[in-house]
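K.L.:
Here you go, this is query25.pdb (PDB, C-alpha atoms).
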ATOM      1  CA  MET A   1     145.842 -19.124  62.814
ATOM      2  CA  ASN A   2     148.381 -21.936  63.081
ATOM      3  CA  ARG A   3     146.963 -24.838  65.046
ATOM      4  CA  ARG A   4     148.703 -27.485  67.079
ATOM      5  CA  ARG A   5     147.746 -31.119  67.344
ATOM      6  CA  LEU A   6     146.679 -31.975  70.869
ATOM      7  CA  GLY A   7     148.830 -34.976  71.677
ATOM      8  CA  ARG A   8     147.840 -38.062  69.685
ATOM      9  CA  THR A   9     144.222 -36.956  69.342
ATOM     10  CA  THR A  10     142.655 -35.725  66.123
ATOM     11  CA  LEU A  11     141.971 -32.378  67.820
ATOM     12  CA  HIS A  12     143.890 -29.392  66.489
ATOM     13  CA  ILE A  13     143.720 -26.211  68.530
ATOM     14  CA  ALA A  14     145.030 -22.673  68.315
ATOM     15  CA  PRO A  15     147.945 -22.147  70.743
ATOM     16  CA  LEU A  16     145.736 -20.546  73.380
ATOM     17  CA  VAL A  17     142.632 -21.866  75.163
ATOM     18  CA  LEU A  18     139.912 -19.637  76.584
ATOM     19  CA  GLY A  19     139.244 -20.273  80.266
ATOM     20  CA  GLY A  20     135.575 -20.442  81.196
ATOM     21  CA  ASN A  21     136.122 -20.444  84.956
ATOM     22  CA  VAL A  22     135.025 -16.792  85.222
ATOM     23  CA  PHE A  23     131.696 -17.294  83.422
ATOM     24  CA  GLY A  24     128.890 -17.082  85.946
ATOM     25  CA  TRP A  25     131.323 -15.600  88.482
ATOM     26  CA  THR A  26     133.005 -12.324  87.532
ATOM     27  CA  VAL A  27     131.549 -12.428  84.007
ATOM     28  CA  ASP A  28     127.815 -12.325  83.307
ATOM     29  CA  GLU A  29     126.149 -14.018  80.353
ATOM     30  CA  ARG A  30     126.063 -10.982  78.061
ATOM     31  CA  THR A  31     129.756 -10.229  78.548
ATOM     32  CA  ALA A  32     130.633 -13.903  78.209
ATOM     33  CA  PHE A  33     128.904 -13.984  74.812
ATOM     34  CA  GLU A  34     130.942 -10.959  73.681
ATOM     35  CA  ILE A  35     134.199 -12.577  74.805
ATOM     36  CA  LEU A  36     133.339 -15.916  73.210
ATOM     37  CA  ASP A  37     132.347 -14.225  69.934
ATOM     38  CA  HIS A  38     135.609 -12.293  69.796
ATOM     39  CA  PHE A  39     137.671 -15.354  70.663
ATOM     40  CA  VAL A  40     136.232 -17.545  67.911
ATOM     41  CA  ASP A  41     136.049 -14.735  65.345
ATOM     42  CA  SER A  42     139.785 -14.182  65.961
ATOM     43  CA  GLY A  43     140.560 -17.740  64.835
ATOM     44  CA  PHE A  44     140.708 -19.524  68.192
ATOM     45  CA  ASN A  45     138.676 -22.638  68.849
ATOM     46  CA  ALA A  46     139.217 -24.316  72.256
ATOM     47  CA  ILE A  47     137.250 -23.469  75.416
ATOM     48  CA  ASP A  48     137.994 -24.940  78.836
ATOM     49  CA  THR A  49     135.407 -25.320  81.585
ATOM     50  CA  ALA A  50     134.342 -27.771  84.313
ATOM     51  CA  ASP A  51     131.159 -29.042  85.885
ATOM     52  CA  ASN A  52     131.864 -27.235  89.170
ATOM     53  CA  TYR A  53     132.440 -23.748  87.654
ATOM     54  CA  SER A  54     131.372 -21.596  89.471
ATOM     55  CA  ARG A  55     129.947 -23.403  92.484
ATOM     56  CA  TRP A  56     132.017 -21.291  94.901
ATOM     57  CA  VAL A  57     129.919 -18.185  94.185
ATOM     58  CA  PRO A  58     127.112 -17.612  96.713
ATOM     59  CA  GLY A  59     123.839 -18.694  95.138
ATOM     60  CA  ASN A  60     125.480 -20.844  92.465
ATOM     61  CA  VAL A  61     125.213 -24.633  92.375
ATOM     62  CA  GLY A  62     127.881 -25.458  89.767
ATOM     63  CA  GLY A  63     127.554 -25.811  86.020
ATOM     64  CA  GLU A  64     126.924 -22.109  85.430
ATOM     65  CA  SER A  65     129.929 -21.846  83.098
ATOM     66  CA  GLU A  66     128.906 -24.871  81.050
ATOM     67  CA  ALA A  67     125.363 -23.514  80.777
ATOM     68  CA  ILE A  68     126.562 -20.147  79.438
ATOM     69  CA  ILE A  69     128.862 -21.813  76.901
ATOM     70  CA  GLY A  70     126.077 -24.173  75.826
ATOM     71  CA  LYS A  71     123.597 -21.342  75.361
ATOM     72  CA  TRP A  72     126.175 -19.392  73.358
ATOM     73  CA  MET A  73     126.962 -22.339  71.052
ATOM     74  CA  ARG A  74     123.271 -23.021  70.488
ATOM     75  CA  SER A  75     122.524 -19.356  69.700
ATOM     76  CA  ARG A  76     125.469 -19.099  67.295
ATOM     77  CA  GLY A  77     125.061 -22.530  65.704
ATOM     78  CA  ASN A  78     128.821 -23.040  65.869
ATOM     79  CA  ARG A  79     129.294 -26.307  67.749
ATOM     80  CA  ASP A  80     131.356 -27.701  64.858
ATOM     81  CA  ARG A  81     133.838 -24.808  65.181
ATOM     82  CA  VAL A  82     134.511 -25.245  68.898
ATOM     83  CA  VAL A  83     136.642 -27.737  70.820
ATOM     84  CA  VAL A  84     134.820 -28.169  74.126
ATOM     85  CA  ILE A  85     136.933 -29.195  77.114
ATOM     86  CA  THR A  86     135.239 -29.924  80.418
ATOM     87  CA  LYS A  87     136.058 -31.811  83.586
ATOM     88  CA  VAL A  88     134.549 -34.181  86.108
ATOM     89  CA  GLY A  89     135.577 -35.080  89.627
ATOM     90  CA  SER A  90     135.261 -31.939  91.734
ATOM     91  CA  ASP A  91     132.669 -31.715  94.476
ATOM     92  CA  VAL A  92     129.395 -30.662  92.858
ATOM     93  CA  GLY A  93     127.269 -31.563  95.841
ATOM     94  CA  GLN A  94     128.301 -35.128  96.567
ATOM     95  CA  GLY A  95     130.612 -33.920  99.323
ATOM     96  CA  LYS A  96     133.894 -35.218  97.916
ATOM     97  CA  ARG A  97     136.043 -35.476  94.818
ATOM     98  CA  ASP A  98     134.727 -38.350  92.758
ATOM     99  CA  ILE A  99     135.862 -40.125  89.583
ATOM    100  CA  SER A 100     134.015 -43.358  90.229
ATOM    101  CA  ALA A 101     132.260 -44.983  87.288
ATOM    102  CA  THR A 102     128.851 -44.188  88.737
ATOM    103  CA  HIS A 103     129.616 -40.508  89.215
ATOM    104  CA  ILE A 104     131.299 -40.078  85.825
ATOM    105  CA  LYS A 105     128.342 -41.547  83.954
ATOM    106  CA  ARG A 106     125.906 -39.350  85.861
ATOM    107  CA  ALA A 107     128.050 -36.242  85.529
ATOM    108  CA  ILE A 108     128.515 -36.484  81.763
ATOM    109  CA  GLU A 109     124.754 -36.428  81.246
ATOM    110  CA  ALA A 110     124.457 -33.243  83.298
ATOM    111  CA  SER A 111     127.353 -31.601  81.434
ATOM    112  CA  LEU A 112     125.942 -32.521  78.027
ATOM    113  CA  ARG A 113     122.569 -31.117  79.029
ATOM    114  CA  ARG A 114     124.077 -27.820  80.157
ATOM    115  CA  LEU A 115     126.377 -27.598  77.139
ATOM    116  CA  ARG A 116     123.436 -28.392  74.817
ATOM    117  CA  THR A 117     125.517 -30.850  72.834
ATOM    118  CA  ASP A 118     125.650 -34.581  72.178
ATOM    119  CA  PHE A 119     129.355 -34.954  72.904
ATOM    120  CA  VAL A 120     132.370 -33.422  74.614
ATOM    121  CA  ASP A 121     135.599 -33.206  72.649
ATOM    122  CA  LEU A 122     137.873 -33.630  75.661
ATOM    123  CA  TYR A 123     136.767 -34.878  79.083
ATOM    124  CA  LEU A 124     139.223 -34.559  81.957
ATOM    125  CA  SER A 125     139.516 -36.144  85.380
ATOM    126  CA  HIS A 126     139.717 -32.906  87.345
ATOM    127  CA  TRP A 127     141.641 -34.456  90.250
ATOM    128  CA  PRO A 128     143.276 -37.766  91.079
ATOM    129  CA  VAL A 129     141.281 -39.776  93.610
ATOM    130  CA  PRO A 130     143.608 -42.446  95.041
ATOM    131  CA  GLU A 131     140.836 -44.618  96.457
ATOM    132  CA  THR A 132     139.289 -45.121  93.012
ATOM    133  CA  PRO A 133     141.180 -47.655  90.841
ATOM    134  CA  TYR A 134     142.386 -46.342  87.477
ATOM    135  CA  GLU A 135     140.739 -49.335  85.852
ATOM    136  CA  GLU A 136     137.329 -48.243  87.111
ATOM    137  CA  THR A 137     137.723 -44.651  85.938
ATOM    138  CA  LEU A 138     139.186 -45.548  82.539
ATOM    139  CA  GLY A 139     136.537 -48.242  82.064
ATOM    140  CA  ALA A 140     133.813 -45.633  82.534
ATOM    141  CA  TYR A 141     135.517 -43.399  79.983
ATOM    142  CA  ARG A 142     135.717 -46.314  77.536
ATOM    143  CA  ASP A 143     131.952 -46.669  77.738
ATOM    144  CA  LEU A 144     131.466 -42.942  77.116
ATOM    145  CA  ILE A 145     133.815 -43.001  74.132
ATOM    146  CA  GLU A 146     132.108 -46.048  72.656
ATOM    147  CA  SER A 147     128.697 -44.379  73.069
ATOM    148  CA  GLY A 148     129.936 -41.237  71.296
ATOM    149  CA  LYS A 149     129.454 -38.949  74.284
ATOM    150  CA  VAL A 150     133.179 -38.240  74.666
ATOM    151  CA  ARG A 151     135.864 -38.114  71.978
ATOM    152  CA  PHE A 152     139.058 -38.075  74.044
ATOM    153  CA  ILE A 153     140.027 -38.102  77.715
ATOM    154  CA  GLY A 154     142.683 -36.433  79.811
ATOM    155  CA  ALA A 155     143.720 -35.636  83.355
ATOM    156  CA  SER A 156     144.218 -32.476  85.366
ATOM    157  CA  ASN A 157     146.364 -32.005  88.494
ATOM    158  CA  HIS A 158     148.075 -35.394  88.185
ATOM    159  CA  ASP A 159     151.756 -35.739  89.048
ATOM    160  CA  ALA A 160     154.201 -37.889  87.081
ATOM    161  CA  LYS A 161     153.604 -41.027  89.125
ATOM    162  CA  GLN A 162     149.825 -40.734  88.970
ATOM    163  CA  LEU A 163     149.823 -40.090  85.224
ATOM    164  CA  GLY A 164     152.369 -42.836  84.641
ATOM    165  CA  ASP A 165     150.358 -45.369  86.655
ATOM    166  CA  ALA A 166     147.212 -44.456  84.713
ATOM    167  CA  LEU A 167     149.056 -44.974  81.421
ATOM    168  CA  VAL A 168     150.324 -48.380  82.545
ATOM    169  CA  THR A 169     146.817 -49.441  83.582
ATOM    170  CA  ALA A 170     145.376 -48.331  80.252
ATOM    171  CA  LYS A 171     147.948 -50.363  78.360
ATOM    172  CA  GLN A 172     147.655 -53.471  80.513
ATOM    173  CA  LYS A 173     143.855 -53.482  80.527
ATOM    174  CA  SER A 174     143.363 -52.342  76.906
ATOM    175  CA  LEU A 175     141.530 -49.216  78.063
ATOM    176  CA  PRO A 176     141.615 -45.696  76.604
ATOM    177  CA  ARG A 177     144.480 -43.660  78.007
ATOM    178  CA  TYR A 178     144.751 -40.059  79.103
ATOM    179  CA  GLU A 179     145.813 -38.227  75.942
ATOM    180  CA  VAL A 180     146.019 -34.737  77.468
ATOM    181  CA  LEU A 181     147.317 -33.323  80.733
ATOM    182  CA  GLU A 182     146.193 -30.050  82.318
ATOM    183  CA  PRO A 183     148.730 -28.995  84.983
ATOM    184  CA  GLU A 184     149.446 -25.671  86.655
ATOM    185  CA  TYR A 185     152.388 -23.966  84.939
ATOM    186  CA  ASN A 186     153.652 -20.416  84.670
ATOM    187  CA  LEU A 187     156.810 -18.347  85.020
ATOM    188  CA  TYR A 188     156.579 -18.495  88.813
ATOM    189  CA  ASN A 189     155.561 -22.152  89.243
ATOM    190  CA  ARG A 190     157.812 -24.131  86.926
ATOM    191  CA  ASN A 191     159.348 -27.076  88.767
ATOM    192  CA  ALA A 192     156.290 -29.306  89.157
ATOM    193  CA  PHE A 193     155.839 -29.554  85.386
ATOM    194  CA  GLU A 194     159.344 -29.109  84.059
ATOM    195  CA  ALA A 195     160.829 -32.060  85.890
ATOM    196  CA  GLN A 196     159.555 -35.598  85.343
ATOM    197  CA  LEU A 197     156.069 -34.582  84.235
ATOM    198  CA  ARG A 198     157.129 -32.768  81.071
ATOM    199  CA  ASP A 199     159.537 -35.551  80.153
ATOM    200  CA  LEU A 200     156.747 -38.099  80.529
ATOM    201  CA  CYS A 201     154.312 -36.077  78.412
ATOM    202  CA  MET A 202     156.835 -35.533  75.633
ATOM    203  CA  ARG A 203     157.921 -39.181  75.654
ATOM    204  CA  GLU A 204     154.317 -40.423  75.516
ATOM    205  CA  ALA A 205     153.111 -37.716  73.056
ATOM    206  CA  ILE A 206     150.586 -36.359  75.547
ATOM    207  CA  GLY A 207     149.109 -32.958  74.771
ATOM    208  CA  VAL A 208     149.512 -30.319  77.481
ATOM    209  CA  ILE A 209     147.230 -27.367  78.164
ATOM    210  CA  VAL A 210     148.293 -25.439  81.249
ATOM    211  CA  TYR A 211     146.213 -23.443  83.710
ATOM    212  CA  TYR A 212     147.155 -20.435  85.864
ATOM    213  CA  ALA A 213     149.421 -19.328  83.014
ATOM    214  CA  LEU A 214     149.097 -15.782  84.375
ATOM    215  CA  ALA A 215     149.636 -16.885  87.987
ATOM    216  CA  GLN A 216     146.037 -16.128  89.013
ATOM    217  CA  GLY A 217     146.319 -12.669  87.473
ATOM    218  CA  PHE A 218     149.683 -11.661  88.949
ATOM    219  CA  PHE A 219     151.245 -11.519  85.489
ATOM    220  CA  THR A 220     148.676  -9.042  84.274
ATOM    221  CA  GLY A 221     150.796  -6.506  86.135
ATOM    222  CA  LYS A 222     147.955  -4.866  88.028
ATOM    223  CA  TYR A 223     148.978  -6.318  91.396
ATOM    224  CA  ARG A 224     152.222  -4.683  92.555
ATOM    225  CA  SER A 225     151.688  -4.520  96.314
ATOM    226  CA  GLU A 226     149.338  -5.633  99.078
ATOM    227  CA  ARG A 227     147.333  -2.455  98.457
ATOM    228  CA  ASP A 228     146.423  -3.684  94.982
ATOM    229  CA  LEU A 229     144.845  -6.957  96.088
ATOM    230  CA  GLY A 230     141.447  -5.358  96.671
ATOM    231  CA  GLN A 231     141.045  -4.524  92.978
ATOM    232  CA  SER A 232     139.368  -7.862  92.306
ATOM    233  CA  VAL A 233     137.587 -10.685  94.108
ATOM    234  CA  ARG A 234     140.435 -12.852  92.807
ATOM    235  CA  GLY A 235     143.107 -10.605  94.334
ATOM    236  CA  GLY A 236     143.649 -12.787  97.389
ATOM    237  CA  GLY A 237     145.072 -15.560  95.216
ATOM    238  CA  VAL A 238     147.882 -13.252  94.102
ATOM    239  CA  ARG A 239     149.376 -12.694  97.573
ATOM    240  CA  PRO A 240     151.844 -15.656  97.393
ATOM    241  CA  TYR A 241     153.537 -14.070  94.358
ATOM    242  CA  LEU A 242     154.200 -10.716  96.038
ATOM    243  CA  ASN A 243     157.781 -11.434  97.043
ATOM    244  CA  LYS A 244     161.281 -10.663  95.791
ATOM    245  CA  ARG A 245     161.292 -13.390  93.147
ATOM    246  CA  GLY A 246     157.777 -12.649  91.884
ATOM    247  CA  LEU A 247     158.474  -8.935  91.566
ATOM    248  CA  ALA A 248     161.771  -9.653  89.759
ATOM    249  CA  ILE A 249     159.892 -11.717  87.175
ATOM    250  CA  LEU A 250     157.315  -8.955  86.824
ATOM    251  CA  SER A 251     160.078  -6.399  86.303
ATOM    252  CA  ALA A 252     161.579  -8.493  83.496
ATOM    253  CA  LEU A 253     158.156  -8.832  81.918
ATOM    254  CA  ASP A 254     157.710  -5.052  82.119
ATOM    255  CA  GLU A 255     160.950  -4.450  80.237
ATOM    256  CA  ILE A 256     160.266  -6.996  77.495
ATOM    257  CA  ALA A 257     156.666  -5.803  77.123
ATOM    258  CA  SER A 258     157.935  -2.243  76.633
ATOM    259  CA  GLN A 259     160.344  -3.388  73.917
ATOM    260  CA  HIS A 260     157.551  -5.193  72.046
ATOM    261  CA  LYS A 261     154.907  -2.518  72.718
ATOM    262  CA  ALA A 262     152.872  -5.280  74.292
ATOM    263  CA  LYS A 263     151.173  -5.863  77.629
ATOM    264  CA  VAL A 264     152.770  -7.792  80.462
ATOM    265  CA  ALA A 265     150.163 -10.572  80.246
ATOM    266  CA  GLU A 266     150.823 -10.992  76.529
ATOM    267  CA  VAL A 267     154.533 -11.559  77.159
ATOM    268  CA  ALA A 268     153.851 -14.047  79.973
ATOM    269  CA  LEU A 269     151.502 -16.020  77.735
ATOM    270  CA  ALA A 270     153.912 -15.872  74.777
ATOM    271  CA  TRP A 271     156.653 -17.328  77.000
ATOM    272  CA  THR A 272     154.350 -20.191  77.977
ATOM    273  CA  ILE A 273     153.337 -20.865  74.371
ATOM    274  CA  ALA A 274     157.031 -21.114  73.445
ATOM    275  CA  GLN A 275     157.880 -23.732  76.088
ATOM    276  CA  PRO A 276     158.786 -27.295  75.032
ATOM    277  CA  GLY A 277     156.004 -29.766  75.651
ATOM    278  CA  VAL A 278     153.254 -27.152  76.002
ATOM    279  CA  THR A 279     150.458 -27.270  73.440
ATOM    280  CA  ALA A 280     148.651 -24.187  74.758
ATOM    281  CA  PRO A 281     148.070 -22.168  77.916
ATOM    282  CA  ILE A 282     144.607 -21.391  79.240
ATOM    283  CA  ALA A 283     143.743 -17.738  79.825
ATOM    284  CA  SER A 284     140.469 -16.183  80.930
ATOM    285  CA  ALA A 285     139.140 -12.697  80.222
ATOM    286  CA  THR A 286     136.552 -10.645  82.069
ATOM    287  CA  ASN A 287     135.936  -8.034  79.380
ATOM    288  CA  ILE A 288     136.451  -7.543  75.662
ATOM    289  CA  ASP A 289     139.674  -5.548  76.102
ATOM    290  CA  GLN A 290     141.220  -8.410  78.038
ATOM    291  CA  SER A 291     140.031 -10.825  75.366
ATOM    292  CA  LYS A 292     141.766  -8.770  72.689
ATOM    293  CA  SER A 293     144.973  -8.757  74.719
ATOM    294  CA  VAL A 294     144.846 -12.492  75.347
ATOM    295  CA  THR A 295     144.413 -13.293  71.671
ATOM    296  CA  ARG A 296     147.281 -10.973  70.695
ATOM    297  CA  ALA A 297     149.598 -13.088  72.815
ATOM    298  CA  ALA A 298     149.376 -15.952  70.335
ATOM    299  CA  SER A 299     151.031 -13.871  67.620
ATOM    300  CA  LEU A 300     153.726 -12.357  69.855
ATOM    301  CA  VAL A 301     157.097 -13.928  69.051
ATOM    302  CA  LEU A 302     159.717 -13.501  71.749
ATOM    303  CA  SER A 303     163.376 -13.448  70.746
ATOM    304  CA  PRO A 304     165.866 -16.019  72.072
ATOM    305  CA  SER A 305     167.293 -13.293  74.311
ATOM    306  CA  ASP A 306     163.811 -12.458  75.652
ATOM    307  CA  LEU A 307     163.235 -16.094  76.501
ATOM    308  CA  ALA A 308     166.667 -16.394  78.088
ATOM    309  CA  VAL A 309     166.040 -13.399  80.347
ATOM    310  CA  LEU A 310     162.700 -14.790  81.500
ATOM    311  CA  ASP A 311     164.136 -18.271  81.987
ATOM    312  CA  ARG A 312     166.958 -16.888  84.102
ATOM    313  CA  VAL A 313     164.923 -14.586  86.329
ATOM    314  CA  SER A 314     162.204 -17.198  86.914
ATOM    315  CA  ALA A 315     164.493 -20.179  87.526
ATOM    316  CA  GLN A 316     163.607 -22.010  90.734
ATOM    317  CA  GLN A 317     166.342 -23.339  93.003
TER     318      GLN A 317
END
Spell out the structure here as structure tokens.

P.N.:
Amino acid sequence: MNRRRLGRTTLHIAPLVLGGNVFGWTVDERTAFEILDHFVDSGFNAIDTADNYSRWVPGNVGGESEAIIGKWMRSRGNRDRVVVITKVGSDVGQGKRDISATHIKRAIEASLRRLRTDFVDLYLSHWPVPETPYEETLGAYRDLIESGKVRFIGASNHDAKQLGDALVTAKQKSLPRYEVLEPEYNLYNRNAFEAQLRDLCMREAIGVIVYYALAQGFFTGKYRSERDLGQSVRGGGVRPYLNKRGLAILSALDEIASQHKAKVAEVALAWTIAQPGVTAPIASATNIDQSKSVTRAASLVLSPSDLAVLDRVSAQQ
């Protein structure tokens, strides 16, 4: 498995990251272990989660995903083979988004406990919080890096100005900088990343792992009309894609998938992997068959004409 360096960090990851957002939600512990085993045994090594996954499920309190991943790593004894990515800043009971120094230092202890590890490879600010100065947030991360609890830091859901301001603060104050960005990016939602944000990341050698690479499941191909939305508890998130443009992209994916004897999701992920500035997309799986499909995407090479067709049909005005 060819691995890509994640920005300027010393982390090298396979070109696809396993999303842990479904663990403790639509995936129980036993199935999660099967998916994680298959993923790592197939040569992949990076797993993405967050401290609030999956707090939105009735009866959950947050941290369920981290706890499952931690139990799996402990049972397999494979912590040294896994790049653990988790996030801080979402509401986990404090009633607001929070990347204050006090919250970060409390949250990392809870994440480490659930993950059953002494350190996190990559720790991300899940959301920008304008009222908290970058200097405060980055100063807290400096302390965690110096104590060995975190190796590298990054940001999720930051726009070009927010990321740029954070980079300036880090340089001016001699603080660690965000080395990785995690934005939303897929064939349907391209503009937010492809404009100034991608240019900034490439210029500053920032690694990029993108979420919603399958447009919340729309690019699996199983949602073709409003009638299909009831197939999954996640179906409601697909509704915004059920329009003329979304269905045109799906049609192009269908044709290319047929030519390659691949699945629609595999083609959508392969397109994302091939995009300039992208280190790897994140994809989740709810069963072992989906896991096998996701991992196949990393070895699917699309032709220049395939990429051109997808670029053209998905172009945003």

K.L.:
Kindly resolve the PyMOL selection byres ((chain A and resi 202-210) around 7) on the present coordinates and return the residues as a list in words.

P.N.:
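On this input, the PyMOL selection byres ((chain A and resi 202-210) around 7) captures Leu6, Gly7, Arg8, Glu179, Val180, Leu181, Glu182, Pro183, Glu184, Tyr185, Arg198, Asp199, Leu200, Cys201, Tyr211, Tyr212, Ala213, Gly277, Val278, Thr279, Ala280, Pro281 and Ile282 of chain A.
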
K.L.:
What does the distance from atom CA of A:Tyr178 to atom CA of A:Ala155 come to in Å, to one decimal?

P.N.:
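Those two atoms sit 6.2 Å apart.
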
K.L.:
Evaluate the PyMOL selection byres ((chain A and resi 118) around 10) and record the selected residues as a ChimeraX atom specification, following the chain and residue labels used in the document.

P.N.:
/A:109,111-113,115-117,119-120,148-150

K.L.:
Please produce an output containing C-alpha atoms for each residue in the selection, written as a compact mmCIF listing (two decimals), in the coordinates of the input.

P.N.:
# COMPACT_ATOMS: atom_id res chain seq x y z
CA GLU A 109 124.75 -36.43 81.25
CA SER A 111 127.35 -31.60 81.43
CA LEU A 112 125.94 -32.52 78.03
CA ARG A 113 122.57 -31.12 79.03
CA LEU A 115 126.38 -27.60 77.14
CA ARG A 116 123.44 -28.39 74.82
CA THR A 117 125.52 -30.85 72.83
CA PHE A 119 129.35 -34.95 72.90
CA VAL A 120 132.37 -33.42 74.61
CA GLY A 148 129.94 -41.24 71.30
CA LYS A 149 129.45 -38.95 74.28
CA VAL A 150 133.18 -38.24 74.67

K.L.:
In Å to one decimal, how far is atom CA of A:Leu122 from atom CA of A:Ser42?

P.N.:
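These atoms are spaced 21.8 Å apart.
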
K.L.:
Using all atoms listed in the file, find the one residue out of A:Ala110, A:Met73, A:Leu310, A:Leu300 that sits nearest to A:Leu187.

P.N.:
A:Leu310

K.L.:
Just to confirm, what's the straight-line distance from atom CA of A:Asp41 to atom CA of A:Thr295 in Å (one decimal)?

P.N.:
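The value is 10.6 Å.
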